[in-house]
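Engineer: Next comes work.cif, mmCIF, C-alpha atoms, pLDDT in the B column; chains and numbers go by the auth columns:
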```cif
data_model
loop_
_atom_site.group_PDB
_atom_site.id
_atom_site.type_symbol
_atom_site.label_atom_id
_atom_site.label_comp_id
_atom_site.label_asym_id
_atom_site.label_seq_id
_atom_site.Cartn_x
_atom_site.Cartn_y
_atom_site.Cartn_z
_atom_site.B_iso_or_equiv
_atom_site.auth_seq_id
_atom_site.auth_asym_id
ATOM 1 C CA MET A 1 0.000 0.000 0.000 45.00 179 I
ATOM 2 C CA GLU A 2 3.029 2.285 0.209 44.00 180 I
ATOM 3 C CA VAL A 3 4.085 4.565 -2.633 44.00 181 I
ATOM 4 C CA GLU A 4 7.859 4.408 -2.782 45.00 182 I
ATOM 5 C CA ASP A 5 10.756 4.027 -5.164 47.00 183 I
ATOM 6 C CA ASP A 6 13.775 1.822 -4.671 52.00 184 I
ATOM 7 C CA PHE A 7 15.977 4.915 -4.352 54.00 185 I
ATOM 8 C CA ASP A 8 14.167 6.607 -1.514 64.00 186 I
ATOM 9 C CA VAL A 9 13.210 3.641 0.668 70.00 187 I
ATOM 10 C CA LEU A 10 15.398 4.877 3.513 76.00 188 I
ATOM 11 C CA ASP A 11 14.410 8.527 3.197 85.00 189 I
ATOM 12 C CA PRO A 12 12.450 9.538 6.329 86.00 190 I
ATOM 13 C CA GLU A 13 10.890 12.484 4.461 89.00 191 I
ATOM 14 C CA ARG A 14 9.350 10.451 1.615 91.00 192 I
ATOM 15 C CA LEU A 15 5.557 10.434 1.415 92.00 193 I
ATOM 16 C CA VAL A 16 3.691 7.214 2.140 91.00 194 I
ATOM 17 C CA GLN A 17 0.039 6.556 1.336 92.00 195 I
ATOM 18 C CA CYS A 18 -2.204 5.610 4.275 92.00 196 I
ATOM 19 C CA PRO A 19 -3.926 2.221 3.868 91.00 197 I
ATOM 20 C CA TYR A 20 -7.007 3.452 5.767 91.00 198 I
ATOM 21 C CA ASN A 21 -7.629 6.637 3.751 91.00 199 I
ATOM 22 C CA LYS A 22 -6.146 6.953 0.251 91.00 200 I
ATOM 23 C CA HIS A 23 -6.128 10.755 0.507 93.00 201 I
ATOM 24 C CA HIS A 24 -3.699 10.711 3.458 93.00 202 I
ATOM 25 C CA ARG A 25 -0.045 11.121 2.517 94.00 203 I
ATOM 26 C CA ILE A 26 2.284 10.921 5.491 92.00 204 I
ATOM 27 C CA ARG A 27 6.044 11.300 5.888 92.00 205 I
ATOM 28 C CA ALA A 28 7.697 7.902 6.426 90.00 206 I
ATOM 29 C CA CYS A 29 9.120 8.908 9.801 91.00 207 I
ATOM 30 C CA ARG A 30 5.571 9.653 11.104 92.00 208 I
ATOM 31 C CA PHE A 31 3.862 6.727 9.395 92.00 209 I
ATOM 32 C CA PRO A 32 3.722 4.284 12.388 91.00 210 I
ATOM 33 C CA TYR A 33 2.062 6.937 14.555 92.00 211 I
ATOM 34 C CA HIS A 34 -0.410 7.755 11.804 93.00 212 I
ATOM 35 C CA LEU A 35 -1.338 4.074 11.440 92.00 213 I
ATOM 36 C CA VAL A 36 -2.307 3.864 15.100 91.00 214 I
ATOM 37 C CA LYS A 37 -4.400 7.021 14.829 92.00 215 I
ATOM 38 C CA CYS A 38 -6.142 6.016 11.608 91.00 216 I
ATOM 39 C CA ARG A 39 -6.852 2.494 12.845 91.00 217 I
ATOM 40 C CA LYS A 40 -8.983 4.045 15.589 92.00 218 I
ATOM 41 C CA SER A 41 -10.651 6.460 13.169 92.00 219 I
ATOM 42 C CA TYR A 42 -11.510 3.802 10.577 92.00 220 I
ATOM 43 C CA PRO A 43 -12.418 0.603 12.511 91.00 221 I
ATOM 44 C CA GLN A 44 -14.394 -0.894 9.578 92.00 222 I
ATOM 45 C CA VAL A 45 -11.434 -0.589 7.212 91.00 223 I
ATOM 46 C CA ALA A 46 -9.100 -1.917 9.933 90.00 224 I
ATOM 47 C CA LYS A 47 -11.152 -5.143 10.134 92.00 225 I
ATOM 48 C CA GLU A 48 -10.609 -5.742 6.422 92.00 226 I
ATOM 49 C CA LEU A 49 -6.822 -5.223 6.521 93.00 227 I
ATOM 50 C CA ALA A 50 -4.183 -7.695 7.660 93.00 228 I
ATOM 51 C CA THR A 51 -0.709 -6.875 8.975 91.00 229 I
ATOM 52 C CA CYS A 52 2.362 -8.296 7.264 90.00 230 I
ATOM 53 C CA PRO A 53 4.369 -10.527 9.640 89.00 231 I
ATOM 54 C CA PHE A 54 7.636 -9.082 8.316 87.00 232 I
ATOM 55 C CA ASN A 55 6.812 -5.376 8.542 88.00 233 I
ATOM 56 C CA ALA A 56 3.971 -3.946 10.637 87.00 234 I
ATOM 57 C CA ARG A 57 3.801 -0.939 8.312 89.00 235 I
ATOM 58 C CA HIS A 58 2.508 -3.183 5.541 90.00 236 I
ATOM 59 C CA LEU A 59 -1.277 -3.378 5.788 91.00 237 I
ATOM 60 C CA VAL A 60 -2.934 -5.280 2.967 92.00 238 I
ATOM 61 C CA PRO A 61 -6.452 -6.626 2.362 92.00 239 I
ATOM 62 C CA GLN A 62 -6.840 -9.994 4.092 91.00 240 I
ATOM 63 C CA ALA A 63 -7.501 -11.729 0.778 92.00 241 I
ATOM 64 C CA ASP A 64 -4.131 -10.503 -0.557 91.00 242 I
ATOM 65 C CA LEU A 65 -2.050 -11.343 2.531 91.00 243 I
ATOM 66 C CA ARG A 66 -0.717 -14.677 1.215 92.00 244 I
ATOM 67 C CA ASP A 67 0.416 -13.070 -2.027 92.00 245 I
ATOM 68 C CA HIS A 68 1.982 -10.151 -0.156 90.00 246 I
ATOM 69 C CA ILE A 69 3.905 -12.503 2.163 88.00 247 I
ATOM 70 C CA SER A 70 5.358 -14.422 -0.765 88.00 248 I
ATOM 71 C CA ASN A 71 6.521 -11.181 -2.434 88.00 249 I
ATOM 72 C CA CYS A 72 7.313 -8.982 0.572 88.00 250 I
ATOM 73 C CA ARG A 73 10.712 -7.321 0.234 86.00 251 I
ATOM 74 C CA ASP A 74 11.187 -7.374 4.038 84.00 252 I
ATOM 75 C CA LYS A 75 10.997 -11.180 4.070 83.00 253 I
ATOM 76 C CA ARG A 76 14.437 -11.602 2.509 81.00 254 I
ATOM 77 C CA PRO A 77 16.547 -10.387 5.490 80.00 255 I
ATOM 78 C CA VAL A 78 14.527 -12.576 7.867 77.00 256 I
ATOM 79 C CA GLU A 79 14.947 -15.638 5.666 76.00 257 I
ATOM 80 C CA GLU A 80 18.672 -14.950 5.261 77.00 258 I
ATOM 81 C CA ASP A 81 19.076 -14.747 9.031 76.00 259 I
ATOM 82 C CA ILE A 82 17.241 -18.033 9.503 74.00 260 I
ATOM 83 C CA VAL A 83 19.320 -19.784 6.841 74.00 261 I
ATOM 84 C CA SER A 84 22.622 -18.442 8.177 76.00 262 I
ATOM 85 C CA GLU A 85 21.751 -19.334 11.772 75.00 263 I
ATOM 86 C CA SER A 86 20.700 -22.867 10.865 69.00 264 I
ATOM 87 C CA SER A 87 23.850 -23.426 8.799 70.00 265 I
ATOM 88 C CA ASP A 88 26.011 -21.994 11.612 68.00 266 I
ATOM 89 C CA PHE A 89 24.270 -24.277 14.104 67.00 267 I
ATOM 90 C CA GLN A 90 24.783 -27.337 11.894 66.00 268 I
ATOM 91 C CA ARG A 91 28.438 -26.421 11.337 68.00 269 I
ATOM 92 C CA ARG A 92 29.027 -25.985 15.084 68.00 270 I
ATOM 93 C CA GLN A 93 27.285 -29.290 15.807 66.00 271 I
ATOM 94 C CA MET A 94 29.451 -31.133 13.295 64.00 272 I
ATOM 95 C CA ASN A 95 32.741 -29.493 14.292 63.00 273 I
ATOM 96 C CA THR A 96 32.283 -29.376 18.036 61.00 274 I
ATOM 97 C CA VAL A 97 32.941 -32.510 19.999 63.00 275 I
ATOM 98 C CA SER A 98 31.943 -32.140 23.589 63.00 276 I
ATOM 99 C CA ALA A 99 34.984 -32.391 25.847 70.00 277 I
ATOM 100 C CA TRP A 100 32.949 -31.833 28.993 73.00 278 I
ATOM 101 C CA GLN A 101 32.943 -34.628 31.514 77.00 279 I
ATOM 102 C CA ALA A 102 31.110 -34.794 34.772 79.00 280 I
ATOM 103 C CA PRO A 103 33.367 -34.244 37.802 82.00 281 I
ATOM 104 C CA PRO A 104 33.929 -37.256 40.016 83.00 282 I
ATOM 105 C CA CYS A 105 31.262 -37.626 42.664 81.00 283 I
ATOM 106 C CA GLU A 106 32.515 -37.787 46.239 80.00 284 I
ATOM 107 C CA GLU A 107 29.100 -38.418 47.746 79.00 285 I
ATOM 108 C CA ASP A 108 28.154 -41.854 49.013 77.00 286 I
ATOM 109 C CA TRP A 109 24.480 -41.807 49.837 74.00 287 I
ATOM 110 C CA ASP A 110 24.443 -45.439 50.940 74.00 288 I
ATOM 111 C CA ARG A 111 27.156 -44.823 53.544 74.00 289 I
ATOM 112 C CA GLU A 112 25.564 -41.579 54.704 70.00 290 I
ATOM 113 C CA SER A 113 22.149 -43.157 55.173 66.00 291 I
ATOM 114 C CA SER A 114 23.634 -46.046 57.182 66.00 292 I
ATOM 115 C CA GLU A 115 25.426 -43.691 59.575 64.00 293 I
ATOM 116 C CA LYS A 116 23.330 -42.452 62.460 57.00 294 I
ATOM 117 C CA LEU A 117 23.562 -38.912 63.630 55.00 295 I
ATOM 118 C CA THR A 118 24.806 -38.705 67.197 53.00 296 I
ATOM 119 C CA SER A 119 23.658 -35.159 67.806 56.00 297 I
ATOM 120 C CA LEU A 120 20.186 -33.718 67.651 59.00 298 I
ATOM 121 C CA PHE A 121 19.271 -30.335 66.317 63.00 299 I
ATOM 122 C CA VAL A 122 17.106 -28.279 68.623 64.00 300 I
ATOM 123 C CA GLN A 123 16.431 -24.643 67.773 67.00 301 I
ATOM 124 C CA GLY A 124 17.889 -22.266 70.351 64.00 302 I
ATOM 125 C CA VAL A 125 20.021 -24.973 71.960 64.00 303 I
ATOM 126 C CA VAL A 126 23.709 -25.376 71.207 61.00 304 I
ATOM 127 C CA ASN A 127 25.254 -28.846 71.119 55.00 305 I
ATOM 128 C CA CYS A 128 28.700 -28.507 72.690 51.00 306 I
ATOM 129 C CA GLY A 129 30.207 -31.728 71.331 49.00 307 I
ATOM 130 C CA ILE A 130 29.634 -34.096 68.463 48.00 308 I
ATOM 131 C CA ASN A 131 29.210 -37.165 70.674 47.00 309 I
ATOM 132 C CA SER A 132 27.795 -35.278 73.613 46.00 310 I
ATOM 133 C CA SER A 133 24.480 -36.510 74.874 46.00 311 I
ATOM 134 C CA SER A 134 23.840 -33.497 77.072 47.00 312 I
ATOM 135 C CA LEU A 135 22.326 -30.454 75.454 47.00 313 I
ATOM 136 C CA GLU A 136 22.764 -27.101 77.094 52.00 314 I
ATOM 137 C CA HIS A 137 21.378 -23.654 76.396 55.00 315 I
ATOM 138 C CA LYS A 138 23.987 -20.897 76.054 60.00 316 I
ATOM 139 C CA ASN A 139 23.078 -17.260 76.341 64.00 317 I
ATOM 140 C CA CYS A 140 25.684 -14.573 75.758 70.00 318 I
ATOM 141 C CA LEU A 141 23.473 -11.680 76.827 72.00 319 I
ATOM 142 C CA PRO A 142 24.502 -9.689 79.915 74.00 320 I
ATOM 143 C CA PRO A 143 23.041 -10.856 83.252 78.00 321 I
ATOM 144 C CA GLY A 144 19.505 -9.639 83.780 76.00 322 I
ATOM 145 C CA LEU A 145 18.671 -9.539 80.032 75.00 323 I
ATOM 146 C CA ARG A 146 17.068 -12.206 77.927 74.00 324 I
ATOM 147 C CA ALA A 147 15.958 -12.344 74.305 69.00 325 I
ATOM 148 C CA PRO A 148 12.185 -12.455 73.782 66.00 326 I
ATOM 149 C CA LYS A 149 10.755 -15.860 72.875 68.00 327 I
ATOM 150 C CA SER A 150 8.345 -14.550 70.193 63.00 328 I
ATOM 151 C CA ILE A 151 9.045 -14.188 66.483 62.00 329 I
ATOM 152 C CA PRO A 152 11.021 -12.337 65.037 64.00 330 I
ATOM 153 C CA HIS A 153 13.078 -12.117 68.206 55.00 331 I
ATOM 154 C CA ALA A 154 13.437 -15.916 68.356 58.00 332 I
ATOM 155 C CA VAL A 155 15.439 -15.674 65.126 63.00 333 I
ATOM 156 C CA LEU A 156 17.671 -13.068 66.770 62.00 334 I
ATOM 157 C CA GLU A 157 18.194 -15.349 69.784 67.00 335 I
ATOM 158 C CA LYS A 158 19.306 -18.174 67.492 71.00 336 I
ATOM 159 C CA ALA A 159 21.760 -15.833 65.728 73.00 337 I
ATOM 160 C CA VAL A 160 23.155 -14.691 69.097 72.00 338 I
ATOM 161 C CA SER A 161 23.544 -18.321 70.158 75.00 339 I
ATOM 162 C CA ASN A 162 25.405 -19.144 66.967 75.00 340 I
ATOM 163 C CA VAL A 163 27.750 -16.189 67.469 72.00 341 I
ATOM 164 C CA CYS A 164 28.362 -17.200 71.074 69.00 342 I
ATOM 165 C CA ALA A 165 29.097 -20.767 70.028 73.00 343 I
ATOM 166 C CA ALA A 166 31.571 -19.540 67.428 70.00 344 I
ATOM 167 C CA LEU A 167 33.321 -17.337 70.025 69.00 345 I
ATOM 168 C CA THR A 168 33.679 -20.161 72.567 66.00 346 I
ATOM 169 C CA LEU A 169 35.360 -22.441 70.023 62.00 347 I
#
```
Output the structure of this file as structure tokens.

Structural biologist:
Amino acid sequence: MEVEDDFDVLDPERLVQCPYNKHHRIRACRFPYHLVKCRKSYPQVAKELATCPFNARHLVPQADLRDHISNCRDKRPVEEDIVSESSDFQRRQMNTVSAWQAPPCEEDWDRESSEKLTSLFVQGVVNCGINSSSLEHKNCLPPGLRAPKSIPHAVLEKAVSNVCAALTL
């Protein structure tokens, strides 16, 4: 639907014919904005037009869309990109042999599951030794102060306990 020569395709000042109203001639640099405006002004014409998948500025009658797609000048760069990417991908697949190997695994889940843990985890209580059966509560706060037992202060108490445990080691 555009009126343009091969020489002035890139000229932003060239005049382009509006697909909604044949009497509208718009500069190419303003054409996308005009399309949005005219689409709202001419809803009946907009229903009859289809948008080219290669260039949204190309609005053609729905019956002519298939013909336009086969001849659209903006299709060529897209097709060239697809062809070059697919050939590059095939070339990389053929030339690249994967040298990556998984690192050796040091985990032994069977051994770990058969071992029994000797210490229990209790929130707010610090276990002083690995094989220790006695659990004691350590508090590093000054005498006369205690951390509240409600959330979020319970989280703070656990953090204080962890810091105290790290300092006593």

Engineer: Report, in Å to a single decimal, how far apart atom CA of Cys216 of chain I and atom CA of Leu188 of chain I are.

Structural biologist: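 Between these atoms lies a distance of 23.0 Å.
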
Engineer: Using the chain letters and numbers from this file, what does the PyMOL selection byres ((chain I and resi 220-229) around 10) select? Give the answer as a list of chain:residue names.

Structural biologist: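 With the shown file as input, the PyMOL selection byres ((chain I and resi 220-229) around 10) matches I:Pro197, I:Tyr198, I:Asn199, I:Leu213, I:Lys215, I:Cys216, I:Arg217, I:Lys218, I:Ser219, I:Cys230, I:Pro231, I:Phe232, I:Asn233, I:Ala234, I:Arg235, I:His236, I:Leu237, I:Val238, I:Pro239, I:Gln240, I:Ala241, I:Asp242, I:Leu243, I:Ile247.
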
Engineer: Work out how far apart atom CA of Pro190 of chain I and atom CA of Arg208 of chain I are and give it in Å to one decimal.

Structural biologist: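 Computing it gives 8.4 Å between the two atoms.
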
Engineer: Around segment 233-244 of chain I, with edges along x, y and z and 6 Å added on all six sides, what centre and edge lengths do you get, in Å to one decimal, as AutoDock Vina command-line options?

Structural biologist:
```
--center_x -0.3 --center_y -7.8 --center_z 5.0 --size_x 26.3 --size_y 25.7 --size_z 23.2
```

Engineer: What does the distance between atom CA of Ser248 of chain I and atom CA of Ile260 of chain I come to in Å, to one decimal place?

Structural biologist: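 Going from atom CA of Ser248 of chain I over to atom CA of Ile260 of chain I covers 16.1 Å.
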
Engineer: Which residue out of I:Glu257, I:Asp286, I:Asp252, I:Glu191 has the minimum interatomic distance to Ile204 of chain I when all atoms listed in the file are used?

Structural biologist: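 Once distances to Ile204 of chain I are computed over all atoms listed in the file, the minimum belongs to I:Glu191.
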